[in-house]
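Undergrad: For reference, this is data_26.tsv, and it has TSV, C-alpha atoms.
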chain	number	residue	atom	x	y	z
A	1	LYS	CA	1.99	1.54	17.22
A	2	GLN	CA	0.18	-0.78	14.80
A	3	GLU	CA	2.11	-3.84	13.67
A	4	VAL	CA	0.95	-6.25	10.96
A	5	THR	CA	2.34	-9.76	10.61
A	6	GLN	CA	1.76	-12.17	7.76
A	7	ILE	CA	2.29	-15.90	7.95
A	8	PRO	CA	3.74	-17.74	6.12
A	9	ALA	CA	6.37	-15.57	4.46
A	10	ALA	CA	6.42	-17.90	1.46
A	11	LEU	CA	4.22	-20.70	0.24
A	12	SER	CA	4.53	-23.13	-2.66
A	13	VAL	CA	1.57	-25.30	-3.65
A	14	PRO	CA	0.51	-27.47	-6.57
A	15	GLU	CA	-2.15	-26.18	-8.92
A	16	GLY	CA	-5.71	-26.81	-7.78
A	17	GLU	CA	-5.01	-26.68	-4.08
A	18	ASN	CA	-7.08	-24.54	-1.71
A	19	LEU	CA	-4.95	-22.34	0.52
A	20	VAL	CA	-5.14	-19.87	3.39
A	21	LEU	CA	-2.95	-16.85	4.01
A	22	ASN	CA	-2.90	-15.34	7.47
A	23	CYS	CA	-2.63	-11.77	8.71
A	24	SER	CA	-2.56	-10.51	12.29
A	25	PHE	CA	-2.51	-6.96	13.67
A	26	THR	CA	-1.81	-5.64	17.14
A	27	ASP	CA	-4.28	-2.74	17.45
A	28	SER	CA	-7.92	-3.65	16.90
A	29	ALA	CA	-8.96	0.00	16.44
A	30	ILE	CA	-9.02	-0.20	12.64
A	31	TYR	CA	-11.41	1.22	10.07
A	32	ASN	CA	-10.85	-1.43	7.45
A	33	LEU	CA	-8.52	-4.19	6.27
A	34	GLN	CA	-7.45	-4.69	2.71
A	35	TRP	CA	-5.75	-7.50	0.83
A	36	PHE	CA	-3.52	-6.61	-2.11
A	37	ARG	CA	-1.73	-8.56	-4.78
A	38	GLN	CA	1.69	-7.48	-6.06
A	39	ASP	CA	3.41	-8.99	-9.07
A	40	PRO	CA	7.23	-8.74	-9.23
A	41	GLY	CA	8.39	-5.17	-9.77
A	42	LYS	CA	4.82	-3.91	-10.08
A	43	GLY	CA	2.40	-1.80	-8.05
A	44	LEU	CA	-0.44	-2.96	-5.83
A	45	THR	CA	-3.74	-4.42	-7.01
A	46	SER	CA	-6.54	-4.30	-4.46
A	47	LEU	CA	-8.28	-7.67	-4.09
A	48	LEU	CA	-10.70	-7.28	-1.20
A	49	LEU	CA	-11.56	-4.64	1.37
A	50	ILE	CA	-13.38	-5.48	4.60
A	51	GLN	CA	-14.86	-2.68	6.66
A	52	SER	CA	-14.45	-2.95	10.43
A	53	SER	CA	-18.15	-3.74	10.83
A	54	GLN	CA	-17.99	-6.64	8.37
A	55	ARG	CA	-16.91	-10.23	8.91
A	56	GLU	CA	-16.01	-11.27	5.38
A	57	GLN	CA	-15.88	-10.35	1.70
A	58	THR	CA	-15.87	-12.56	-1.36
A	59	SER	CA	-14.72	-12.03	-4.92
A	60	GLY	CA	-14.66	-14.99	-7.27
A	61	ARG	CA	-12.29	-17.61	-5.85
A	62	LEU	CA	-11.16	-15.29	-3.06
A	63	ASN	CA	-12.69	-14.99	0.38
A	64	ALA	CA	-11.35	-12.77	3.13
A	65	SER	CA	-12.48	-12.86	6.75
A	66	LEU	CA	-11.93	-10.41	9.56
A	67	ASP	CA	-12.00	-11.00	13.31
A	68	LYS	CA	-11.29	-7.55	14.66
A	69	SER	CA	-11.44	-8.50	18.32
A	70	SER	CA	-8.69	-11.07	17.95
A	71	GLY	CA	-6.74	-8.99	15.43
A	72	ARG	CA	-6.80	-11.58	12.66
A	73	SER	CA	-7.71	-11.89	9.00
A	74	THR	CA	-7.44	-14.74	6.54
A	75	LEU	CA	-7.42	-14.79	2.76
A	76	TYR	CA	-8.75	-18.02	1.32
A	77	ILE	CA	-7.92	-18.87	-2.29
A	78	ALA	CA	-9.90	-21.72	-3.82
A	79	ALA	CA	-8.65	-23.94	-6.62
A	80	SER	CA	-5.32	-22.13	-6.99
A	81	GLN	CA	-3.89	-21.50	-10.47
A	82	PRO	CA	-0.36	-20.67	-11.69
A	83	GLY	CA	-1.64	-17.16	-12.48
A	84	ASP	CA	-2.25	-16.66	-8.75
A	85	SER	CA	1.52	-16.64	-8.17
A	86	ALA	CA	2.39	-13.27	-6.65
A	87	THR	CA	3.03	-11.59	-3.30
A	88	TYR	CA	-0.08	-11.01	-1.21
A	89	LEU	CA	-0.07	-8.06	1.16
A	90	CYS	CA	-2.42	-7.36	4.04
A	91	ALA	CA	-2.93	-3.76	5.18
A	92	VAL	CA	-5.01	-2.14	7.91
A	93	MET	CA	-6.27	1.42	7.98
A	94	GLY	CA	-6.17	3.15	11.35
A	95	SER	CA	-6.50	6.73	12.46
A	96	GLY	CA	-5.16	9.34	10.07
A	97	SER	CA	-6.23	7.34	7.02
A	98	ARG	CA	-2.84	5.68	6.76
A	99	LEU	CA	-2.34	2.06	5.77
A	100	THR	CA	-0.03	-0.20	7.78
A	101	PHE	CA	1.18	-3.16	5.73
A	102	GLY	CA	2.51	-6.57	6.56
A	103	GLU	CA	5.61	-7.86	4.80
A	104	GLY	CA	3.61	-10.12	2.53
A	105	THR	CA	3.30	-13.77	1.65
A	106	GLN	CA	5.06	-14.84	-1.54
A	107	LEU	CA	2.86	-17.46	-3.22
A	108	THR	CA	4.02	-19.84	-5.93
A	109	VAL	CA	1.47	-22.12	-7.61
A	110	ASN	CA	3.16	-24.90	-9.55
A	111	PRO	CA	1.53	-26.34	-12.70
B	112	GLU	CA	-6.58	0.52	-13.97
B	113	THR	CA	-6.88	2.76	-10.93
B	114	GLY	CA	-6.58	6.10	-12.70
B	115	VAL	CA	-3.52	6.98	-10.62
B	116	THR	CA	-0.40	7.59	-12.67
B	117	GLN	CA	3.17	7.99	-11.49
B	118	SER	CA	6.24	9.28	-13.30
B	119	PRO	CA	8.91	8.41	-14.04
B	120	THR	CA	8.69	4.62	-14.01
B	121	HIS	CA	12.35	4.14	-13.21
B	122	LEU	CA	15.04	6.50	-12.03
B	123	ILE	CA	18.75	6.17	-11.27
B	124	LYS	CA	20.49	8.73	-9.07
B	125	THR	CA	23.76	8.96	-7.21
B	126	ARG	CA	24.21	9.45	-3.50
B	127	GLY	CA	23.79	13.07	-2.41
B	128	GLN	CA	21.58	14.07	-5.33
B	129	GLN	CA	17.99	15.25	-5.11
B	130	VAL	CA	14.98	13.63	-6.77
B	131	THR	CA	11.36	14.56	-7.52
B	132	LEU	CA	8.70	11.93	-8.12
B	133	ARG	CA	5.26	12.80	-9.47
B	134	CYS	CA	1.78	11.46	-9.02
B	135	SER	CA	-1.45	12.26	-10.77
B	136	SER	CA	-4.47	11.41	-8.64
B	137	GLN	CA	-7.68	9.81	-9.75
B	138	SER	CA	-10.21	12.40	-10.87
B	139	GLY	CA	-12.21	13.81	-7.95
B	140	HIS	CA	-9.84	12.59	-5.25
B	141	ASN	CA	-8.65	15.12	-2.66
B	142	THR	CA	-6.07	13.09	-0.72
B	143	VAL	CA	-2.76	11.56	-1.70
B	144	SER	CA	-0.54	9.27	0.34
B	145	TRP	CA	3.04	8.23	-0.39
B	146	TYR	CA	4.63	4.93	0.60
B	147	GLN	CA	8.16	3.53	0.32
B	148	GLN	CA	8.62	-0.16	-0.38
B	149	ALA	CA	12.12	-1.56	0.04
B	150	LEU	CA	12.91	-4.84	-1.68
B	151	GLY	CA	11.25	-7.78	0.04
B	152	GLN	CA	9.31	-5.64	2.50
B	153	GLY	CA	5.83	-4.20	2.79
B	154	PRO	CA	5.19	-0.54	1.93
B	155	GLN	CA	5.91	2.01	4.67
B	156	PHE	CA	3.82	5.17	5.04
B	157	ILE	CA	5.81	8.35	4.31
B	158	PHE	CA	3.16	11.09	4.49
B	159	GLN	CA	-0.27	12.14	3.35
B	160	TYR	CA	-1.63	15.36	1.86
B	161	TYR	CA	-5.24	16.48	2.15
B	162	ARG	CA	-6.34	19.58	0.27
B	163	GLU	CA	-2.74	20.73	-0.20
B	164	GLU	CA	-1.78	20.41	3.47
B	165	GLU	CA	0.35	17.68	5.08
B	166	ASN	CA	-2.01	15.49	7.06
B	167	GLY	CA	0.16	12.94	8.80
B	168	ARG	CA	3.70	11.72	8.51
B	169	GLY	CA	5.42	8.42	9.10
B	170	ASN	CA	8.89	7.85	10.51
B	171	PHE	CA	10.84	9.53	7.72
B	172	PRO	CA	13.41	12.35	8.05
B	173	PRO	CA	12.70	15.93	6.90
B	174	ARG	CA	14.70	15.42	3.71
B	175	PHE	CA	11.56	13.64	2.49
B	176	SER	CA	9.09	16.37	1.59
B	177	GLY	CA	6.01	16.71	-0.54
B	178	LEU	CA	3.58	18.98	-2.26
B	179	GLN	CA	-0.02	18.69	-3.36
B	180	PHE	CA	-1.27	21.06	-6.02
B	181	PRO	CA	-4.73	22.61	-6.52
B	182	ASN	CA	-5.52	19.97	-9.13
B	183	TYR	CA	-4.61	17.38	-6.44
B	184	SER	CA	-1.56	16.08	-8.29
B	185	SER	CA	1.41	15.58	-5.99
B	186	GLU	CA	5.19	15.48	-5.76
B	187	LEU	CA	7.54	13.63	-3.46
B	188	ASN	CA	10.96	15.24	-3.07
B	189	VAL	CA	13.95	13.55	-1.51
B	190	ASN	CA	17.12	15.55	-0.79
B	191	ALA	CA	20.62	14.27	-0.08
B	192	LEU	CA	19.87	10.80	-1.39
B	193	GLU	CA	21.28	7.83	0.51
B	194	LEU	CA	21.83	4.28	-0.71
B	195	ASP	CA	18.99	3.07	1.55
B	196	ASP	CA	16.54	5.31	-0.31
B	197	SER	CA	16.60	2.77	-3.15
B	198	ALA	CA	13.05	1.45	-3.24
B	199	LEU	CA	9.71	1.41	-5.04
B	200	TYR	CA	7.78	4.59	-4.24
B	201	LEU	CA	4.03	4.23	-4.37
B	202	CYS	CA	1.42	6.93	-4.51
B	203	ALA	CA	-2.21	6.35	-3.53
B	204	SER	CA	-5.13	8.69	-3.98
B	205	SER	CA	-8.47	8.69	-2.20
B	206	LEU	CA	-11.56	10.76	-1.62
B	207	VAL	CA	-11.84	11.68	2.04
B	208	ARG	CA	-15.10	13.11	3.24
B	209	PHE	CA	-15.45	14.66	6.66
B	210	ASN	CA	-16.09	12.05	9.33
B	211	GLU	CA	-16.06	9.18	6.85
B	212	ALA	CA	-13.57	6.52	7.79
B	213	LYS	CA	-13.93	4.05	4.97
B	214	ASN	CA	-11.97	5.83	2.27
B	215	ILE	CA	-10.33	3.47	-0.18
B	216	GLN	CA	-6.85	4.20	-1.45
B	217	TYR	CA	-6.10	3.56	-5.11
B	218	PHE	CA	-2.48	2.89	-5.92
B	219	GLY	CA	-0.34	3.86	-8.88
B	220	ALA	CA	2.18	1.48	-10.43
B	221	GLY	CA	5.06	3.12	-8.58
B	222	THR	CA	8.44	4.65	-9.37
B	223	ARG	CA	11.50	2.49	-8.85
B	224	LEU	CA	14.38	4.58	-7.57
B	225	SER	CA	17.93	3.25	-7.57
B	226	VAL	CA	20.61	5.21	-5.69
B	227	LEU	CA	24.18	4.33	-6.63
Go through the file and emit its structure as C-alpha coordinates.

TA:
Amino acid sequence: KQEVTQIPAALSVPEGENLVLNCSFTDSAIYNLQWFRQDPGKGLTSLLLIQSSQREQTSGRLNASLDKSSGRSTLYIAASQPGDSATYLCAVMGSGSRLTFGEGTQLTVNP
Amino acid sequence: ETGVTQSPTHLIKTRGQQVTLRCSSQSGHNTVSWYQQALGQGPQFIFQYYREEENGRGNFPPRFSGLQFPNYSSELNVNALELDDSALYLCASSLVRFNEAKNIQYFGAGTRLSVL
(Lines of atoms letter the chains of each structure in order from A and count residues from 1; the text may use other names and numbers.)
(Lines give C-alpha, C1' and ligand atoms only; values in the text may rest on other atoms or scores of the structure.)
Protein backbone atom coordinates (compact mmCIF):
# COMPACT_ATOMS: atom_id res chain seq x y z
CA LYS A 1 0.00 0.00 0.00
CA GLN A 2 1.38 3.38 -1.05
CA GLU A 3 2.15 5.81 1.75
CA VAL A 4 3.15 9.45 1.25
CA THR A 5 4.87 11.49 3.95
CA GLN A 6 5.53 15.21 3.93
CA ILE A 7 8.10 16.96 6.07
CA PRO A 8 7.85 19.39 7.77
CA ALA A 9 4.20 19.49 8.79
CA ALA A 10 4.42 23.25 9.25
CA LEU A 11 6.93 25.90 8.31
CA SER A 12 7.15 29.61 9.07
CA VAL A 13 9.67 31.78 7.22
CA PRO A 14 10.35 35.46 6.66
CA GLU A 15 9.54 36.97 3.29
CA GLY A 16 12.26 36.57 0.68
CA GLU A 17 13.63 33.30 1.99
CA ASN A 18 14.20 30.31 -0.29
CA LEU A 19 12.66 27.12 1.07
CA VAL A 20 12.34 23.41 0.39
CA LEU A 21 9.38 21.16 1.10
CA ASN A 22 9.94 17.42 1.18
CA CYS A 23 7.80 14.49 0.10
CA SER A 24 8.59 10.77 0.32
CA PHE A 25 6.64 7.75 -0.92
CA THR A 26 7.03 4.07 -0.18
CA ASP A 27 6.24 2.45 -3.56
CA SER A 28 8.39 3.63 -6.45
CA ALA A 29 5.99 2.19 -9.06
CA ILE A 30 4.33 5.52 -9.79
CA TYR A 31 3.18 7.12 -13.03
CA ASN A 32 3.58 10.70 -11.89
CA LEU A 33 3.91 12.99 -8.89
CA GLN A 34 2.02 16.21 -8.44
CA TRP A 35 2.35 19.16 -6.10
CA PHE A 36 -0.80 21.05 -5.14
CA ARG A 37 -1.53 24.23 -3.25
CA GLN A 38 -4.58 24.52 -1.00
CA ASP A 39 -5.77 27.76 0.57
CA PRO A 40 -7.85 27.50 3.77
CA GLY A 41 -11.28 26.02 3.11
CA LYS A 42 -10.64 25.86 -0.64
CA GLY A 43 -10.03 23.20 -3.27
CA LEU A 44 -6.75 22.11 -4.80
CA THR A 45 -4.67 24.09 -7.28
CA SER A 46 -2.18 22.05 -9.27
CA LEU A 47 1.30 23.60 -9.23
CA LEU A 48 3.58 21.10 -10.95
CA LEU A 49 3.31 17.60 -12.34
CA ILE A 50 6.37 15.41 -12.91
CA GLN A 51 6.03 12.29 -15.02
CA SER A 52 7.86 9.20 -13.77
CA SER A 53 10.41 9.52 -16.59
CA GLN A 54 11.26 13.11 -15.67
CA ARG A 55 13.62 14.46 -13.04
CA GLU A 56 12.24 17.94 -12.50
CA GLN A 57 9.72 20.58 -13.53
CA THR A 58 9.83 24.34 -13.17
CA SER A 59 7.17 27.01 -13.12
CA GLY A 60 8.16 30.55 -12.24
CA ARG A 61 9.63 30.56 -8.72
CA LEU A 62 8.75 26.89 -8.19
CA ASN A 63 10.93 23.92 -8.98
CA ALA A 64 10.01 20.33 -8.22
CA SER A 65 12.37 17.38 -8.44
CA LEU A 66 11.69 13.66 -8.46
CA ASP A 67 13.97 10.79 -7.51
CA LYS A 68 11.76 7.79 -8.14
CA SER A 69 14.31 5.19 -7.11
CA SER A 70 14.69 6.66 -3.65
CA GLY A 71 11.01 7.60 -3.36
CA ARG A 72 11.58 11.30 -2.84
CA SER A 73 10.47 14.64 -4.24
CA THR A 74 11.23 18.20 -3.24
CA LEU A 75 9.42 21.44 -3.96
CA TYR A 76 11.72 24.44 -4.00
CA ILE A 77 10.18 27.89 -3.63
CA ALA A 78 12.47 30.81 -4.42
CA ALA A 79 12.13 34.27 -2.91
CA SER A 80 9.03 33.42 -0.88
CA GLN A 81 6.20 35.96 -0.60
CA PRO A 82 3.31 36.33 1.88
CA GLY A 83 0.97 35.25 -0.94
CA ASP A 84 2.71 31.86 -0.94
CA SER A 85 1.17 31.11 2.46
CA ALA A 86 -0.97 27.99 2.04
CA THR A 87 -0.88 24.24 2.55
CA TYR A 88 1.21 22.36 0.00
CA LEU A 89 0.20 18.80 -0.82
CA CYS A 90 2.21 16.14 -2.60
CA ALA A 91 0.38 13.32 -4.41
CA VAL A 92 1.52 10.29 -6.38
CA MET A 93 -0.44 8.46 -9.04
CA GLY A 94 -0.12 4.69 -9.02
CA SER A 95 -2.04 1.90 -10.67
CA GLY A 96 -5.75 2.48 -11.12
CA SER A 97 -5.25 6.18 -11.80
CA ARG A 98 -5.80 7.05 -8.16
CA LEU A 99 -3.87 9.75 -6.32
CA THR A 100 -2.35 9.07 -2.90
CA PHE A 101 -1.76 12.27 -0.95
CA GLY A 102 0.50 13.26 1.88
CA GLU A 103 -0.91 15.22 4.80
CA GLY A 104 0.60 18.46 3.59
CA THR A 105 3.00 21.14 4.74
CA GLN A 106 1.38 24.30 6.11
CA LEU A 107 3.54 27.23 5.00
CA THR A 108 3.40 30.71 6.51
CA VAL A 109 5.48 33.49 4.94
CA ASN A 110 5.75 36.48 7.25
CA PRO A 111 6.05 40.03 5.82
CA GLU B 1 -10.30 27.62 -13.34
CA THR B 2 -10.32 23.88 -13.98
CA GLY B 3 -13.77 23.63 -15.54
CA VAL B 4 -14.86 21.19 -12.83
CA THR B 5 -17.81 22.41 -10.78
CA GLN B 6 -19.24 20.97 -7.60
CA SER B 7 -22.52 21.63 -5.84
CA PRO B 8 -23.53 22.54 -3.28
CA THR B 9 -20.63 24.50 -1.80
CA HIS B 10 -21.66 23.83 1.78
CA LEU B 11 -24.10 21.41 3.34
CA ILE B 12 -25.27 20.70 6.88
CA LYS B 13 -26.90 17.38 7.72
CA THR B 14 -27.73 15.46 10.86
CA ARG B 15 -26.51 12.02 11.78
CA GLY B 16 -28.41 9.23 10.04
CA GLN B 17 -29.50 11.33 7.08
CA GLN B 18 -28.54 10.77 3.46
CA VAL B 19 -26.72 13.23 1.21
CA THR B 20 -26.03 13.62 -2.52
CA LEU B 21 -23.12 15.67 -3.82
CA ARG B 22 -22.78 16.60 -7.48
CA CYS B 23 -19.90 17.15 -9.85
CA SER B 24 -19.79 18.43 -13.38
CA SER B 25 -16.69 17.26 -15.22
CA GLN B 26 -14.52 19.25 -17.54
CA SER B 27 -15.74 19.02 -21.12
CA GLY B 28 -14.39 15.94 -22.91
CA HIS B 29 -13.32 14.11 -19.74
CA ASN B 30 -14.48 10.52 -19.29
CA THR B 31 -13.29 9.76 -15.76
CA VAL B 32 -14.24 11.17 -12.38
CA SER B 33 -12.64 10.48 -9.02
CA TRP B 34 -13.95 11.41 -5.58
CA TYR B 35 -11.82 12.19 -2.53
CA GLN B 36 -12.63 12.91 1.12
CA GLN B 37 -10.49 15.41 3.00
CA ALA B 38 -10.94 15.56 6.76
CA LEU B 39 -9.76 18.68 8.55
CA GLY B 40 -5.98 18.86 8.74
CA GLN B 41 -5.42 15.78 6.59
CA GLY B 42 -4.66 15.01 2.97
CA PRO B 43 -7.44 13.87 0.64
CA GLN B 44 -8.32 10.17 0.69
CA PHE B 45 -9.45 8.33 -2.45
CA ILE B 46 -13.08 7.16 -2.25
CA PHE B 47 -13.73 5.76 -5.74
CA GLN B 48 -13.41 6.41 -9.44
CA TYR B 49 -15.83 6.08 -12.34
CA TYR B 50 -14.78 5.48 -15.94
CA ARG B 51 -17.42 5.55 -18.65
CA GLU B 52 -20.23 5.11 -16.09
CA GLU B 53 -18.66 2.08 -14.37
CA GLU B 54 -16.91 2.00 -10.99
CA ASN B 55 -13.22 1.62 -11.69
CA GLY B 56 -11.54 1.32 -8.32
CA ARG B 57 -12.49 1.98 -4.73
CA GLY B 58 -10.62 3.08 -1.66
CA ASN B 59 -11.18 1.95 1.91
CA PHE B 60 -14.70 3.32 2.32
CA PRO B 61 -17.83 1.40 3.39
CA PRO B 62 -20.67 0.55 0.96
CA ARG B 63 -22.80 3.40 2.29
CA PHE B 64 -20.59 5.57 0.08
CA SER B 65 -21.84 5.08 -3.46
CA GLY B 66 -21.65 6.92 -6.73
CA LEU B 67 -22.97 7.35 -10.21
CA GLN B 68 -21.57 8.68 -13.45
CA PHE B 69 -23.99 9.79 -16.13
CA PRO B 70 -23.72 9.63 -19.94
CA ASN B 71 -22.67 13.28 -19.99
CA TYR B 72 -19.91 12.29 -17.52
CA SER B 73 -21.32 14.33 -14.65
CA SER B 74 -21.26 12.45 -11.37
CA GLU B 75 -22.89 12.05 -7.97
CA LEU B 76 -21.55 10.90 -4.63
CA ASN B 77 -24.18 9.50 -2.27
CA VAL B 78 -23.61 8.86 1.41
CA ASN B 79 -26.24 7.00 3.44
CA ALA B 80 -26.64 6.83 7.21
CA LEU B 81 -24.39 9.81 7.82
CA GLU B 82 -21.96 9.65 10.74
CA LEU B 83 -20.23 12.50 12.54
CA ASP B 84 -16.88 11.40 11.05
CA ASP B 85 -18.25 11.97 7.54
CA SER B 86 -17.81 15.71 8.13
CA ALA B 87 -15.18 16.71 5.59
CA LEU B 88 -14.42 18.48 2.33
CA TYR B 89 -15.44 16.27 -0.60
CA LEU B 90 -13.43 16.81 -3.75
CA CYS B 91 -14.23 15.70 -7.25
CA ALA B 92 -11.59 15.41 -9.97
CA SER B 93 -12.11 14.76 -13.66
CA SER B 94 -9.65 13.47 -16.21
CA LEU B 95 -9.40 12.10 -19.71
CA VAL B 96 -8.16 8.53 -19.62
CA ARG B 97 -7.05 6.98 -22.87
CA PHE B 98 -6.36 3.28 -23.16
CA ASN B 99 -2.85 2.41 -22.04
CA GLU B 100 -1.97 6.02 -21.25
CA ALA B 101 -0.77 6.44 -17.71
CA LYS B 102 -0.16 10.15 -17.51
CA ASN B 103 -3.71 11.40 -17.12
CA ILE B 104 -3.96 14.60 -15.14
CA GLN B 105 -6.78 15.07 -12.67
CA TYR B 106 -8.45 18.47 -12.47
CA PHE B 107 -10.09 19.26 -9.17
CA GLY B 108 -13.26 21.14 -8.33
CA ALA B 109 -13.49 23.52 -5.39
CA GLY B 110 -15.16 20.91 -3.21
CA THR B 111 -18.29 20.55 -1.09
CA ARG B 112 -17.92 21.04 2.64
CA LEU B 113 -20.21 18.66 4.50
CA SER B 114 -20.94 19.13 8.20
CA VAL B 115 -22.74 16.33 10.05
CA LEU B 116 -24.27 17.36 13.38

Undergrad: Find the residues in chain B near chain A: any atom within 6 Å counts, using all atoms listed in the file. Write them as number ranges by chain.

TA: B: 152-153, 220-221

Undergrad: Using only C-alpha atoms, which of the listed residues (A:Lys1, A:Thr26, A:Pro40, A:Asp84) sits closest to Leu150 in chain B?

TA: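 That would be A:Pro40, the residue with the smallest distance to Leu150 in chain B.
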
Undergrad: Between B:Leu122, B:Ala191, B:Val207, B:Val130, which residue has the minimum interatomic distance to Thr222 in chain B, considering only C-alpha atoms?

TA: B:Leu122

Undergrad: Take CA of Pro8 in chain A and CA of Lys68 in chain A and report the distance between them in Å, one decimal.

TA: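 Value for the CA of Pro8 in chain A-CA of Lys68 in chain A distance: 20.1 Å.
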
Undergrad: May I have the residues within 7 Å of Gln128 in chain B as a list in words, using only C-alpha atoms and disregarding those fewer than 2 positions away in the same chain?

TA: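 Near neighbours after the sequence-gap exclusion: Lys124, Thr125, Arg126, Val130, Asn190, Ala191 and Leu192 of chain B.
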
Undergrad: Print the selection's residues with C-alpha atoms to a file, as a PDB file, in the frame of the given file.

TA:
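Wrote part.pdb, looks like this:
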ATOM      1  CA  LYS B 124      20.490   8.730  -9.070  1.00  0.00           C
ATOM      2  CA  THR B 125      23.760   8.960  -7.210  1.00  0.00           C
ATOM      3  CA  ARG B 126      24.210   9.450  -3.500  1.00  0.00           C
ATOM      4  CA  VAL B 130      14.980  13.630  -6.770  1.00  0.00           C
ATOM      5  CA  ASN B 190      17.120  15.550  -0.790  1.00  0.00           C
ATOM      6  CA  ALA B 191      20.620  14.270  -0.080  1.00  0.00           C
ATOM      7  CA  LEU B 192      19.870  10.800  -1.390  1.00  0.00           C
TER       8      LEU B 192
END

Undergrad: If you measure from CA of Ala203 in chain B to CA of Pro154 in chain B, what distance in Å do you get, rounded to one decimal?

TA: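 Taking CA of Ala203 in chain B and CA of Pro154 in chain B, their separation equals 11.5 Å.
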
Undergrad: Which protein, DNA or RNA residues are at most 9 Å from (-0.4, -30.0, -10.2) in the file's coordinates when you count only C-alpha atoms, listed as a list in words?

TA: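 Output of the proximity query reads Val13, Pro14, Glu15, Gly16, Glu17, Val109, Asn110 and Pro111 of chain A.
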
Undergrad: Could you tell me which of A:Tyr76, A:Glu56, A:Ala86, A:Thr5 comes closest to Leu21 in chain A if we count all atoms listed in the file?

TA: A:Tyr76

Undergrad: So what do you get for CA of Gly177 in chain B versus CA of Thr116 in chain B, distance-wise?

TA: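 Between these atoms lies a distance of 16.5 Å.
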
Undergrad: Would you mind telling me which residue in A:Ile7, A:Leu107, A:Leu66, A:Cys23 lies nearest to Ser80 in chain A when using all atoms listed in the file?

TA: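 Looking at the shortest contact to Ser80 in chain A, the residue is A:Leu107.
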
Undergrad: Which residue gives the smallest distance to Arg174 in chain B among B:Tyr161, B:Glu193, B:Ser136, B:Val226, with all atoms listed in the file counted?

TA: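 Result for the nearest residue to Arg174 in chain B: B:Glu193.
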
Undergrad: Smallest atom-to-atom distance to Ile123 in chain B: which of B:Ser204, B:Ser225, B:Gln147, B:Gln159, using all atoms listed in the file?

TA: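 For Ile123 in chain B, the nearest of the given residues is B:Ser225.
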
Undergrad: List as a tab-separated table (two decimals) with C-alpha atoms, in the coordinates of the input the protein and nucleic acid residues near Ser184 in chain B, meaning an atom at most 10 Å away when all atoms listed in the file are counted, but skip any in the same chain fewer than 5 places from it.

TA:
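Saved as around_39.tsv:
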chain	number	residue	atom	x	y	z
B	115	VAL	CA	-3.52	6.98	-10.62
B	116	THR	CA	-0.40	7.59	-12.67
B	117	GLN	CA	3.17	7.99	-11.49
B	133	ARG	CA	5.26	12.80	-9.47
B	134	CYS	CA	1.78	11.46	-9.02
B	135	SER	CA	-1.45	12.26	-10.77
B	136	SER	CA	-4.47	11.41	-8.64
B	137	GLN	CA	-7.68	9.81	-9.75
B	138	SER	CA	-10.21	12.40	-10.87
B	140	HIS	CA	-9.84	12.59	-5.25
B	141	ASN	CA	-8.65	15.12	-2.66
B	142	THR	CA	-6.07	13.09	-0.72
B	143	VAL	CA	-2.76	11.56	-1.70
B	163	GLU	CA	-2.74	20.73	-0.20
B	178	LEU	CA	3.58	18.98	-2.26
B	179	GLN	CA	-0.02	18.69	-3.36
B	204	SER	CA	-5.13	8.69	-3.98

Undergrad: Determine, counting all atoms listed in the file, which protein, DNA and RNA residues have an atom within 8 Å of an atom of Leu48 in chain A; residues of the same chain fewer than 4 positions away are not included. Present the result as number ranges by chain.

TA: A: 34-36, 57-59, 64

Undergrad: Find the smallest box with edges along x, y and z containing every listed atom of range 81-92 of chain A, then add 3 Å on each side and report centre and edge lengths in Å to one decimal, as lines of an AutoDock Vina configuration file.

TA:
center_x = -1.0
center_y = -11.8
center_z = -2.3
size_x = 14.0
size_y = 25.4
size_z = 26.4
